[in-house]
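target-v2.cif (mmCIF, C-alpha atoms)
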```
data_upload
#
loop_
_atom_site.group_PDB
_atom_site.id
_atom_site.type_symbol
_atom_site.label_atom_id
_atom_site.label_comp_id
_atom_site.auth_asym_id
_atom_site.auth_seq_id
_atom_site.Cartn_x
_atom_site.Cartn_y
_atom_site.Cartn_z
ATOM 1 C CA MET A 11 83.299 80.283 81.597
ATOM 2 C CA GLY A 12 86.106 79.187 79.281
ATOM 3 C CA GLY A 13 87.339 80.693 76.012
ATOM 4 C CA SER A 14 88.541 77.661 74.085
ATOM 5 C CA ILE A 15 86.664 76.104 71.146
ATOM 6 C CA GLY A 16 83.579 75.259 73.233
ATOM 7 C CA GLY A 17 83.429 78.748 74.729
ATOM 8 C CA ILE A 18 83.994 80.446 71.371
ATOM 9 C CA VAL A 19 81.184 78.521 69.658
ATOM 10 C CA THR A 20 78.816 79.040 72.600
ATOM 11 C CA ALA A 21 79.480 82.782 72.710
ATOM 12 C CA ALA A 22 78.939 83.149 68.955
ATOM 13 C CA TYR A 23 75.640 81.271 69.154
ATOM 14 C CA LEU A 24 74.373 83.286 72.130
ATOM 15 C CA THR A 25 74.866 86.593 70.304
ATOM 16 C CA LYS A 26 71.483 85.850 68.711
ATOM 17 C CA TYR A 27 69.778 86.086 72.098
ATOM 18 C CA PHE A 28 71.864 88.353 74.352
ATOM 19 C CA LYS A 29 73.163 91.886 73.861
ATOM 20 C CA ARG A 30 76.185 91.387 76.110
ATOM 21 C CA ILE A 31 78.297 88.279 76.678
ATOM 22 C CA THR A 32 81.280 87.977 79.017
ATOM 23 C CA ILE A 33 83.901 85.257 78.551
ATOM 24 C CA ILE A 34 86.106 84.455 81.532
ATOM 25 C CA GLU A 35 89.303 82.726 80.417
ATOM 26 C CA SER A 36 92.247 81.683 82.581
ATOM 27 C CA ASP A 37 94.903 82.270 79.884
ATOM 28 C CA ASP A 38 95.951 85.412 78.026
ATOM 29 C CA VAL A 39 94.402 84.287 74.747
ATOM 30 C CA LEU A 40 94.152 87.834 73.356
ATOM 31 C CA SER A 41 97.913 88.379 73.484
ATOM 32 C CA ASP A 42 99.828 89.390 70.360
ATOM 33 C CA THR A 43 101.295 85.867 70.205
ATOM 34 C CA PHE A 44 97.889 84.604 69.143
ATOM 35 C CA MET A 45 95.955 87.536 67.748
ATOM 36 C CA LYS A 46 98.713 89.048 65.580
ATOM 37 C CA SER A 47 100.570 85.911 64.485
ATOM 38 C CA THR A 48 100.739 85.236 60.758
ATOM 39 C CA PRO A 49 99.695 81.841 59.358
ATOM 40 C CA ASN A 50 103.365 80.855 59.026
ATOM 41 C CA GLN A 51 104.102 81.855 62.617
ATOM 42 C CA LEU A 52 101.205 79.745 63.888
ATOM 43 C CA LEU A 53 102.480 76.813 61.857
ATOM 44 C CA ASP A 54 105.956 77.315 63.296
ATOM 45 C CA TYR A 55 104.583 77.238 66.851
ATOM 46 C CA ARG A 56 102.664 74.085 65.991
ATOM 47 C CA CYS A 57 105.533 72.222 64.338
ATOM 48 C CA ARG A 58 108.019 73.035 67.084
ATOM 49 C CA LEU A 59 105.539 71.604 69.592
ATOM 50 C CA ALA A 60 106.607 74.278 72.053
ATOM 51 C CA SER A 61 105.090 73.908 75.488
ATOM 52 C CA PRO A 62 101.565 75.369 75.510
ATOM 53 C CA THR A 63 102.567 77.137 78.726
ATOM 54 C CA SER A 64 105.387 78.959 76.917
ATOM 55 C CA LEU A 65 102.789 80.313 74.486
ATOM 56 C CA GLY A 66 100.425 81.365 77.248
ATOM 57 C CA ARG A 67 98.050 78.377 77.018
ATOM 58 C CA SER A 68 98.696 76.576 80.290
ATOM 59 C CA GLY A 69 95.030 75.633 80.533
ATOM 60 C CA VAL A 70 95.074 73.448 77.404
ATOM 61 C CA SER A 71 97.733 70.799 77.904
ATOM 62 C CA GLN A 72 96.231 68.701 75.078
ATOM 63 C CA MET A 73 96.601 71.549 72.561
ATOM 64 C CA TYR A 74 98.855 69.602 70.188
ATOM 65 C CA HIS A 75 97.143 66.212 70.380
ATOM 66 C CA SER A 76 94.998 64.882 67.566
ATOM 67 C CA HIS A 77 91.344 65.891 67.761
ATOM 68 C CA VAL A 78 88.315 64.968 65.695
ATOM 69 C CA LEU A 79 85.461 67.383 65.045
ATOM 70 C CA ALA A 80 82.300 65.634 63.860
ATOM 71 C CA GLY A 81 80.936 66.573 60.439
ATOM 72 C CA GLU A 82 77.918 68.329 61.926
ATOM 73 C CA GLY A 83 80.280 70.420 64.037
ATOM 74 C CA TYR A 84 82.038 71.599 60.884
ATOM 75 C CA ILE A 85 78.673 72.701 59.469
ATOM 76 C CA ILE A 86 77.862 74.620 62.662
ATOM 77 C CA LEU A 87 81.211 76.428 62.518
ATOM 78 C CA GLN A 88 80.504 77.551 58.955
ATOM 79 C CA GLU A 89 77.069 78.842 59.959
ATOM 80 C CA LEU A 90 78.429 80.848 62.892
ATOM 81 C CA PHE A 91 81.555 82.063 61.083
ATOM 82 C CA PRO A 92 80.711 82.436 57.357
ATOM 83 C CA GLN A 93 84.234 83.642 56.466
ATOM 84 C CA LEU A 94 86.062 80.947 58.438
ATOM 85 C CA LYS A 95 86.305 78.271 55.746
ATOM 86 C CA ASP A 96 87.491 80.701 53.079
ATOM 87 C CA LYS A 97 90.217 82.067 55.361
ATOM 88 C CA LEU A 98 91.401 78.616 56.411
ATOM 89 C CA LEU A 99 91.618 77.378 52.825
ATOM 90 C CA ASN A 100 93.124 80.496 51.245
ATOM 91 C CA GLU A 101 95.244 82.040 54.005
ATOM 92 C CA TYR A 102 96.306 79.091 56.164
ATOM 93 C CA ASP A 103 96.914 76.471 53.434
ATOM 94 C CA VAL A 104 94.321 74.168 54.966
ATOM 95 C CA ARG A 105 92.140 71.984 52.758
ATOM 96 C CA ASP A 106 89.269 69.585 53.178
ATOM 97 C CA TYR A 107 89.302 65.917 52.218
ATOM 98 C CA SER A 108 86.741 63.412 51.027
ATOM 99 C CA LEU A 109 86.080 60.831 53.719
ATOM 100 C CA LYS A 110 85.043 58.362 51.032
ATOM 101 C CA THR A 111 87.827 58.690 48.456
ATOM 102 C CA GLU A 112 90.806 60.345 50.169
ATOM 103 C CA CYS A 113 90.849 58.460 53.459
ATOM 104 C CA ARG A 114 91.592 54.918 54.560
ATOM 105 C CA PHE A 115 90.228 53.597 57.864
ATOM 106 C CA VAL A 116 91.041 50.003 58.718
ATOM 107 C CA VAL A 117 90.196 47.929 61.804
ATOM 108 C CA ASN A 118 91.536 44.377 61.976
ATOM 109 C CA GLY A 119 92.068 44.345 58.224
ATOM 110 C CA PHE A 120 88.601 45.618 57.258
ATOM 111 C CA VAL A 121 88.350 48.909 55.360
ATOM 112 C CA LEU A 122 85.476 50.845 56.939
ATOM 113 C CA ASN A 123 84.958 53.847 54.693
ATOM 114 C CA GLN A 124 84.980 52.457 51.144
ATOM 115 C CA ASP A 125 81.248 51.680 51.067
ATOM 116 C CA LEU A 126 79.914 54.935 52.483
ATOM 117 C CA THR A 127 76.551 55.822 50.938
ATOM 118 C CA GLU A 128 77.164 59.516 51.609
ATOM 119 C CA ASP A 129 80.438 61.394 51.429
ATOM 120 C CA PHE A 130 81.696 63.758 54.125
ATOM 121 C CA LEU A 131 84.411 66.386 54.075
ATOM 122 C CA TRP A 132 87.225 66.167 56.617
ATOM 123 C CA LEU A 133 88.943 69.460 57.447
ATOM 124 C CA GLY A 134 92.698 68.919 57.698
ATOM 125 C CA ILE A 135 93.779 71.295 60.456
ATOM 126 C CA ASP A 136 95.262 71.147 63.939
ATOM 127 C CA ARG A 137 93.418 72.339 67.021
ATOM 128 C CA PHE A 138 95.962 75.052 67.828
ATOM 129 C CA THR A 139 95.442 76.827 64.492
ATOM 130 C CA LEU A 140 91.679 76.272 64.397
ATOM 131 C CA GLU A 141 91.126 77.666 67.887
ATOM 132 C CA THR A 142 93.300 80.717 67.215
ATOM 133 C CA VAL A 143 91.603 81.562 63.905
ATOM 134 C CA MET A 144 88.137 81.030 65.413
ATOM 135 C CA ARG A 145 88.954 83.430 68.244
ATOM 136 C CA LYS A 146 90.056 86.064 65.740
ATOM 137 C CA GLU A 147 86.790 85.607 63.837
ATOM 138 C CA LEU A 148 84.765 85.842 67.048
ATOM 139 C CA CYS A 149 86.367 89.178 67.928
ATOM 140 C CA LEU A 150 85.983 90.439 64.361
ATOM 141 C CA GLN A 151 82.312 89.492 63.938
ATOM 142 C CA TYR A 152 80.915 89.871 67.434
ATOM 143 C CA GLY A 153 83.422 92.132 69.186
ATOM 144 C CA ASN A 154 80.792 94.770 70.020
ATOM 145 C CA GLN A 155 78.770 92.207 72.004
ATOM 146 C CA ILE A 156 81.531 90.249 73.722
ATOM 147 C CA GLU A 157 83.773 91.225 76.621
ATOM 148 C CA TRP A 158 86.782 89.111 77.567
ATOM 149 C CA LYS A 159 88.146 88.676 81.099
ATOM 150 C CA CYS A 160 91.502 87.019 80.412
ATOM 151 C CA ASN A 161 93.995 85.759 82.993
ATOM 152 C CA SER A 162 91.008 85.239 85.289
ATOM 153 C CA ARG A 163 89.542 82.253 87.076
ATOM 154 C CA VAL A 164 86.091 81.601 88.463
ATOM 155 C CA VAL A 165 86.415 80.732 92.151
ATOM 156 C CA GLN A 166 82.786 80.285 93.200
ATOM 157 C CA LEU A 167 79.156 80.565 92.160
ATOM 158 C CA ILE A 168 76.799 83.259 93.442
ATOM 159 C CA VAL A 169 73.572 81.501 94.352
ATOM 160 C CA ASP A 170 70.176 82.177 95.859
ATOM 161 C CA GLN A 171 69.333 79.022 97.756
ATOM 162 C CA SER A 172 65.796 80.202 98.532
ATOM 163 C CA LEU A 173 65.028 80.403 94.808
ATOM 164 C CA ASN A 174 67.335 77.526 93.899
ATOM 165 C CA ILE A 175 69.104 79.532 91.188
ATOM 166 C CA VAL A 176 72.630 80.574 90.224
ATOM 167 C CA LYS A 177 72.763 84.362 89.896
ATOM 168 C CA GLY A 178 76.387 84.848 88.912
ATOM 169 C CA ILE A 179 80.002 83.963 89.600
ATOM 170 C CA LYS A 180 82.961 85.209 91.609
ATOM 171 C CA TYR A 181 86.284 85.493 89.791
ATOM 172 C CA ARG A 182 89.766 86.852 90.412
ATOM 173 C CA GLN A 183 92.920 87.551 88.444
ATOM 174 C CA LYS A 184 94.998 84.390 88.016
ATOM 175 C CA HIS A 185 98.277 86.097 88.895
ATOM 176 C CA HIS A 186 96.859 87.789 92.011
ATOM 177 C CA VAL A 187 95.576 84.878 94.066
ATOM 178 C CA ASP A 188 95.479 86.963 97.256
ATOM 179 C CA SER A 189 93.321 89.692 95.739
ATOM 180 C CA SER A 190 89.630 90.044 96.495
ATOM 181 C CA SER A 191 87.244 88.269 94.158
ATOM 182 C CA ILE A 192 84.992 90.214 91.802
ATOM 183 C CA ASP A 193 81.265 89.548 91.528
ATOM 184 C CA LEU A 194 79.733 89.181 88.084
ATOM 185 C CA TYR A 195 75.997 88.644 87.648
ATOM 186 C CA GLY A 196 74.300 87.229 84.579
ATOM 187 C CA ASP A 197 70.987 85.964 83.238
ATOM 188 C CA PHE A 198 72.502 82.863 81.676
ATOM 189 C CA ILE A 199 75.718 81.142 82.775
ATOM 190 C CA ILE A 200 77.424 78.349 80.831
ATOM 191 C CA ASP A 201 80.473 76.390 81.930
ATOM 192 C CA CYS A 202 82.691 75.506 78.946
ATOM 193 C CA THR A 203 85.844 74.789 80.928
ATOM 194 C CA GLY A 204 85.836 71.070 80.182
ATOM 195 C CA ARG A 205 86.718 68.015 82.202
ATOM 196 C CA ASN A 206 88.451 69.903 85.045
ATOM 197 C CA THR A 207 85.444 72.058 85.865
ATOM 198 C CA SER A 208 84.631 72.874 89.492
ATOM 199 C CA SER A 209 80.956 73.556 88.780
ATOM 200 C CA VAL A 210 79.902 70.023 89.711
ATOM 201 C CA LYS A 211 81.503 70.428 93.143
ATOM 202 C CA TRP A 212 80.018 73.897 93.671
ATOM 203 C CA LEU A 213 76.499 72.795 92.709
ATOM 204 C CA LYS A 214 76.708 69.930 95.180
ATOM 205 C CA GLU A 215 77.960 72.226 97.962
ATOM 206 C CA ARG A 216 75.341 74.942 97.442
ATOM 207 C CA PHE A 217 72.257 72.997 96.351
ATOM 208 C CA ASN A 218 73.115 69.417 97.253
ATOM 209 C CA LEU A 219 72.648 68.869 93.525
ATOM 210 C CA ILE A 220 74.407 65.775 92.230
ATOM 211 C CA VAL A 221 75.121 65.844 88.510
ATOM 212 C CA PRO A 222 74.881 62.275 87.133
ATOM 213 C CA THR A 223 78.230 61.031 85.877
ATOM 214 C CA ILE A 224 79.629 57.731 84.707
ATOM 215 C CA GLN A 225 83.214 56.836 85.513
ATOM 216 C CA ILE A 226 85.061 54.704 83.001
ATOM 217 C CA HIS A 227 88.422 53.369 84.123
ATOM 218 C CA PHE A 228 90.869 52.573 81.369
ATOM 219 C CA GLY A 229 94.482 53.168 80.532
ATOM 220 C CA ALA A 230 95.311 55.080 77.383
ATOM 221 C CA GLY A 231 98.578 56.253 75.943
ATOM 222 C CA TYR A 232 99.641 57.886 72.723
ATOM 223 C CA VAL A 233 102.524 59.687 71.094
ATOM 224 C CA THR A 234 101.903 62.600 68.721
ATOM 225 C CA PHE A 235 104.370 64.304 66.420
ATOM 226 C CA VAL A 236 104.324 66.388 63.241
ATOM 227 C CA GLY A 237 106.196 65.347 60.121
ATOM 228 C CA GLU A 238 106.319 65.593 56.355
ATOM 229 C CA ARG A 239 104.774 62.659 54.534
ATOM 230 C CA PHE A 240 106.834 60.804 51.938
ATOM 231 C CA LYS A 241 105.927 58.127 49.419
ATOM 232 C CA THR A 242 105.929 54.545 50.677
ATOM 233 C CA GLY A 243 105.645 52.922 47.263
ATOM 234 C CA ASP A 244 102.202 51.552 48.130
ATOM 235 C CA PRO A 245 99.614 53.382 45.968
ATOM 236 C CA SER A 246 96.784 52.404 48.325
ATOM 237 C CA LEU A 247 98.502 54.392 51.082
ATOM 238 C CA ASP A 248 100.200 57.161 49.121
ATOM 239 C CA SER A 249 96.928 58.118 47.425
ATOM 240 C CA LYS A 250 95.156 58.575 50.775
ATOM 241 C CA HIS A 251 95.629 61.732 52.805
ATOM 242 C CA ILE A 252 93.998 60.548 56.035
ATOM 243 C CA ILE A 253 94.799 57.112 57.427
ATOM 244 C CA GLY A 254 93.467 55.372 60.504
ATOM 245 C CA TYR A 255 94.440 51.865 61.527
ATOM 246 C CA GLY A 256 93.202 49.947 64.557
ATOM 247 C CA LEU A 257 94.292 46.508 65.717
ATOM 248 C CA SER A 258 92.648 44.010 68.063
ATOM 249 C CA PRO A 259 90.007 46.191 69.713
ATOM 250 C CA PRO A 260 88.901 46.114 72.454
ATOM 251 C CA ASP A 261 91.565 43.849 74.012
ATOM 252 C CA LYS A 262 94.834 45.412 72.862
ATOM 253 C CA ASN A 263 93.422 48.276 70.817
ATOM 254 C CA THR A 264 96.611 49.657 69.323
ATOM 255 C CA GLY A 265 96.588 51.852 66.286
ATOM 256 C CA VAL A 266 97.937 54.720 64.252
ATOM 257 C CA GLY A 267 96.374 57.840 62.782
ATOM 258 C CA ILE A 268 97.753 60.173 60.115
ATOM 259 C CA ILE A 269 95.964 63.506 59.680
ATOM 260 C CA PRO A 270 97.193 66.298 57.345
ATOM 261 C CA ILE A 271 97.328 69.768 58.874
ATOM 262 C CA HIS A 272 99.076 71.859 56.221
ATOM 263 C CA GLU A 273 99.940 71.736 52.529
ATOM 264 C CA ILE A 274 103.559 72.562 51.706
ATOM 265 C CA LYS A 275 105.567 73.322 48.582
ATOM 266 C CA THR A 276 108.579 71.083 48.111
ATOM 267 C CA MET A 277 111.083 70.129 45.417
ATOM 268 C CA ASP A 278 111.489 66.597 46.791
ATOM 269 C CA GLU A 279 109.966 64.131 44.319
ATOM 270 C CA ASN A 280 109.292 61.657 47.120
ATOM 271 C CA SER A 281 107.322 64.132 49.208
ATOM 272 C CA LEU A 282 103.522 64.003 49.231
ATOM 273 C CA GLY A 283 103.393 67.748 49.893
ATOM 274 C CA THR A 284 101.747 67.698 53.309
ATOM 275 C CA LEU A 285 102.659 68.114 56.938
ATOM 276 C CA SER A 286 100.680 65.652 59.009
ATOM 277 C CA THR A 287 100.043 64.800 62.612
ATOM 278 C CA PHE A 288 101.107 61.213 63.325
ATOM 279 C CA THR A 289 99.497 59.601 66.350
ATOM 280 C CA LEU A 290 100.317 56.192 67.809
ATOM 281 C CA GLN A 291 97.774 55.142 70.386
ATOM 282 C CA CYS A 292 96.786 52.275 72.611
ATOM 283 C CA ALA A 293 94.192 51.563 75.279
ATOM 284 C CA ASN A 294 94.487 48.993 78.059
ATOM 285 C CA TYR A 295 97.757 47.799 76.616
ATOM 286 C CA GLU A 296 101.465 48.535 76.569
ATOM 287 C CA TYR A 297 101.973 52.236 75.885
ATOM 288 C CA PRO A 298 104.141 53.431 72.982
ATOM 289 C CA PRO A 299 107.518 54.805 74.127
ATOM 290 C CA ASN A 300 108.221 58.517 73.731
ATOM 291 C CA ASP A 301 111.883 58.696 74.736
ATOM 292 C CA SER A 302 113.337 58.336 71.220
ATOM 293 C CA TYR A 303 112.259 57.822 67.624
ATOM 294 C CA GLU A 304 114.344 54.649 67.454
ATOM 295 C CA ASN A 305 112.420 52.996 70.293
ATOM 296 C CA LEU A 306 109.156 54.277 68.873
ATOM 297 C CA LEU A 307 109.891 52.711 65.478
ATOM 298 C CA GLU A 308 110.759 49.406 67.132
ATOM 299 C CA TRP A 309 107.441 49.489 68.989
ATOM 300 C CA ILE A 310 105.613 50.159 65.722
ATOM 301 C CA LYS A 311 107.290 47.240 63.961
ATOM 302 C CA GLU A 312 106.460 44.892 66.814
ATOM 303 C CA LYS A 313 102.907 45.965 67.658
ATOM 304 C CA LEU A 314 101.355 47.117 64.376
ATOM 305 C CA ASP A 315 100.625 45.217 61.199
ATOM 306 C CA PRO A 316 103.155 46.337 58.531
ATOM 307 C CA GLU A 317 100.298 46.770 56.048
#
```
Spit out the file's structure as C-alpha cells when you get a sec.
Amino acid sequence: MGGSIGGIVTAAYLTKYFKRITIIESDDVLSDTFMKSTPNQLLDYRCRLASPTSLGRSGVSQMYHSHVLAGEGYIILQELFPQLKDKLLNEYDVRDYSLKTECRFVVNGFVLNQDLTEDFLWLGIDRFTLETVMRKELCLQYGNQIEWKCNSRVVQLIVDQSLNIVKGIKYRQKHHVDSSSIDLYGDFIIDCTGRNTSSVKWLKERFNLIVPTIQIHFGAGYVTFVGERFKTGDPSLDSKHIIGYGLSPPDKNTGVGIIPIHEIKTMDENSLGTLSTFTLQCANYEYPPNDSYENLLEWIKEKLDPE
C-alpha cells in the first residue's frame, strides 16, 4: 500500500522473497509526465515548484520540501538499485558531498561536523527527482515481478477474526468512488502510505488492536524555495556546499538549511554553480512569512544571526 519512496524500497526488497508483488498507489505515478520526462524536464518541474496536484501527485503535498535520508538509507538504495548512483551522477547532474569537509552545521555558534571521526557522503538531490528515478529503476529491474494499481485507494482490510489475521485488502478506483470495491488477497501486506494511513483505525475496528502511538504537540513552520547560490565573500561559507544553522533550540529553534540539488553551468563569475533548496524553519516560535521575498528577508535579518 503506497508507491512513494517507502513503497518503492519495500517492493524492491521483497522481490527476494515473493514472486509477485502488487503496489496500490492513489496517484497516476506511471504517467508519461514522470516515466518519460528527461532530467531537464524533471528539474524544470522542480524549480517551478508547480503544484504536486498539477503533476498528478496529490498524495504527496510535501514533495518539494527539504528531506534528509540517513547515510545507511543511501547504502540500502545502492544495494537494491546498483545502477541508481551512476545514473544520478552522470545523467541528472547530481553529486555527493563530504559531510566532514564540504558541509557546515552550526547550532548556537558551535560547528558540529568539523571533528567527525568518520566521513559520510551526502547525496545532493531533491525528493521529487529521487522518487521519480527510483520508480523508473524499480520498473526496469523488477518489472516482471511487480504489478501496479495506480489511481486506486485501499478502503478496507479483509480479515479473519477467528484466526486473528489480515487476509487482504479492498480497493477501488480513486476517480470512481461509487464503484464496487475489488478484493485483493495476499500472503504479506505492508502499509507504506505514511502518516495519513487508515490501517490503525481499521485494525482497531476489526481486532480491537490498539497500535501504540505517542502524540507530540508542537508548532512548526518553514518556507522552502529553490535558487542559484552566489558568492557571499565569506570563504567559510562559499567553500561549503551544504549549510545548516540552528539558533536557540529548543526554545525558539529557528534556523536555515541550504542543500544543493543540481549542478549548473554558468558564465557568472559570482555564481557557485549550484541550484540549492533554501529552507527557513522554526518550531514553537514565530513562523517565517511566505507572502513575499521582501518580508522573508526582513524576518531573516531580525531572527537569524548574520554569521
Counting all atoms listed in the file, which residues come within 9 Å of (86.1, 79.2, 59.1), with the point read in the file's coordinates, and could you list them as an MDAnalysis selection string? chainID A and resid 84 87:88 90:99 140 143:144 147
Using the chain letters and residue numbers of this document, give as a PyMOL selection string the residues selected by the PyMOL selection byres ((chain A and resi 234) around 7). chain A and resi 75+232-233+235+287-290
Distance query A:Glu128 at most 12 Å, all atoms listed in the file, self and fewer than 5 positions along chain excluded, as JSON, numbers by chain: {"A": [81, 108, 109, 110, 111, 123]}
Kindly indicate which residue among A:Ile271, A:Leu247, A:Ile310, A:Cys57 lies nearest to A:Arg114, using all atoms listed in the file for the distances.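 Ranking A:Ile271, A:Leu247, A:Ile310, A:Cys57 by distance to A:Arg114, first place goes to A:Leu247.
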Quick one: everything within 9 Å of stretch 36-51 of chain A, counting all atoms listed in the file, minus sequence neighbours fewer than 4 positions away in the same chain. Send it as a PyMOL selection string. chain A and resi 12-14+55-56+65-69+101-103+139+142-143+145-146+158-164+183-184
For the residues in the current selection, export C-alpha atoms as a PDB file, in the frame of the given file.
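Written file, part-v2.pdb:
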```pdb
ATOM      1  CA  GLY A  12      86.106  79.187  79.281  1.00  0.00           C
ATOM      2  CA  GLY A  13      87.339  80.693  76.012  1.00  0.00           C
ATOM      3  CA  SER A  14      88.541  77.661  74.085  1.00  0.00           C
ATOM      4  CA  TYR A  55     104.583  77.238  66.851  1.00  0.00           C
ATOM      5  CA  ARG A  56     102.664  74.085  65.991  1.00  0.00           C
ATOM      6  CA  LEU A  65     102.789  80.313  74.486  1.00  0.00           C
ATOM      7  CA  GLY A  66     100.425  81.365  77.248  1.00  0.00           C
ATOM      8  CA  ARG A  67      98.050  78.377  77.018  1.00  0.00           C
ATOM      9  CA  SER A  68      98.696  76.576  80.290  1.00  0.00           C
ATOM     10  CA  GLY A  69      95.030  75.633  80.533  1.00  0.00           C
ATOM     11  CA  GLU A 101      95.244  82.040  54.005  1.00  0.00           C
ATOM     12  CA  TYR A 102      96.306  79.091  56.164  1.00  0.00           C
ATOM     13  CA  ASP A 103      96.914  76.471  53.434  1.00  0.00           C
ATOM     14  CA  THR A 139      95.442  76.827  64.492  1.00  0.00           C
ATOM     15  CA  THR A 142      93.300  80.717  67.215  1.00  0.00           C
ATOM     16  CA  VAL A 143      91.603  81.562  63.905  1.00  0.00           C
ATOM     17  CA  ARG A 145      88.954  83.430  68.244  1.00  0.00           C
ATOM     18  CA  LYS A 146      90.056  86.064  65.740  1.00  0.00           C
ATOM     19  CA  TRP A 158      86.782  89.111  77.567  1.00  0.00           C
ATOM     20  CA  LYS A 159      88.146  88.676  81.099  1.00  0.00           C
ATOM     21  CA  CYS A 160      91.502  87.019  80.412  1.00  0.00           C
ATOM     22  CA  ASN A 161      93.995  85.759  82.993  1.00  0.00           C
ATOM     23  CA  SER A 162      91.008  85.239  85.289  1.00  0.00           C
ATOM     24  CA  ARG A 163      89.542  82.253  87.076  1.00  0.00           C
ATOM     25  CA  VAL A 164      86.091  81.601  88.463  1.00  0.00           C
ATOM     26  CA  GLN A 183      92.920  87.551  88.444  1.00  0.00           C
ATOM     27  CA  LYS A 184      94.998  84.390  88.016  1.00  0.00           C
TER      28      LYS A 184
END
```
So what does the PyMOL selection byres ((chain A and resi 212-218) around 9) actually pick up in this one, as a list of chain:residue names?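 Matching residues under the PyMOL selection byres ((chain A and resi 212-218) around 9) are A:Gln166, A:Leu167, A:Val169, A:Gln171, A:Asn174, A:Ile175, A:Ser208, A:Ser209, A:Val210, A:Lys211, A:Leu219, A:Ile220, A:Val221.
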Resulting file, chosen residues, C-alpha atoms, as an mmCIF file, in the frame of the given file:
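So the final result, stored in result.cif, reads:
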```
data_model
loop_
_atom_site.group_PDB
_atom_site.id
_atom_site.type_symbol
_atom_site.label_atom_id
_atom_site.label_comp_id
_atom_site.auth_asym_id
_atom_site.auth_seq_id
_atom_site.Cartn_x
_atom_site.Cartn_y
_atom_site.Cartn_z
ATOM 1 C CA GLN A 166 82.786 80.285 93.200
ATOM 2 C CA LEU A 167 79.156 80.565 92.160
ATOM 3 C CA VAL A 169 73.572 81.501 94.352
ATOM 4 C CA GLN A 171 69.333 79.022 97.756
ATOM 5 C CA ASN A 174 67.335 77.526 93.899
ATOM 6 C CA ILE A 175 69.104 79.532 91.188
ATOM 7 C CA SER A 208 84.631 72.874 89.492
ATOM 8 C CA SER A 209 80.956 73.556 88.780
ATOM 9 C CA VAL A 210 79.902 70.023 89.711
ATOM 10 C CA LYS A 211 81.503 70.428 93.143
ATOM 11 C CA LEU A 219 72.648 68.869 93.525
ATOM 12 C CA ILE A 220 74.407 65.775 92.230
ATOM 13 C CA VAL A 221 75.121 65.844 88.510
#
```
Using the chain letters and numbering of this document, enumerate as a ChimeraX atom specification the residues selected by the PyMOL selection byres ((chain A and resi 299) around 12). /A:231-234,290-292,296-298,300-310,313
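In this model, the gap between atom CA of A:His186 and atom CA of A:Glu141 comes to 26.8 Å.
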Which residue out of A:Tyr255, A:Tyr152, A:Tyr23, A:Phe138 has the minimum interatomic distance to A:Asp54 when all atoms listed in the file are used?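 Under the stated criterion, the closest residue is A:Phe138.
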Point-to-point distance in Å for atom CA of A:Thr207 and atom CA of A:Thr32: 17.8 Å
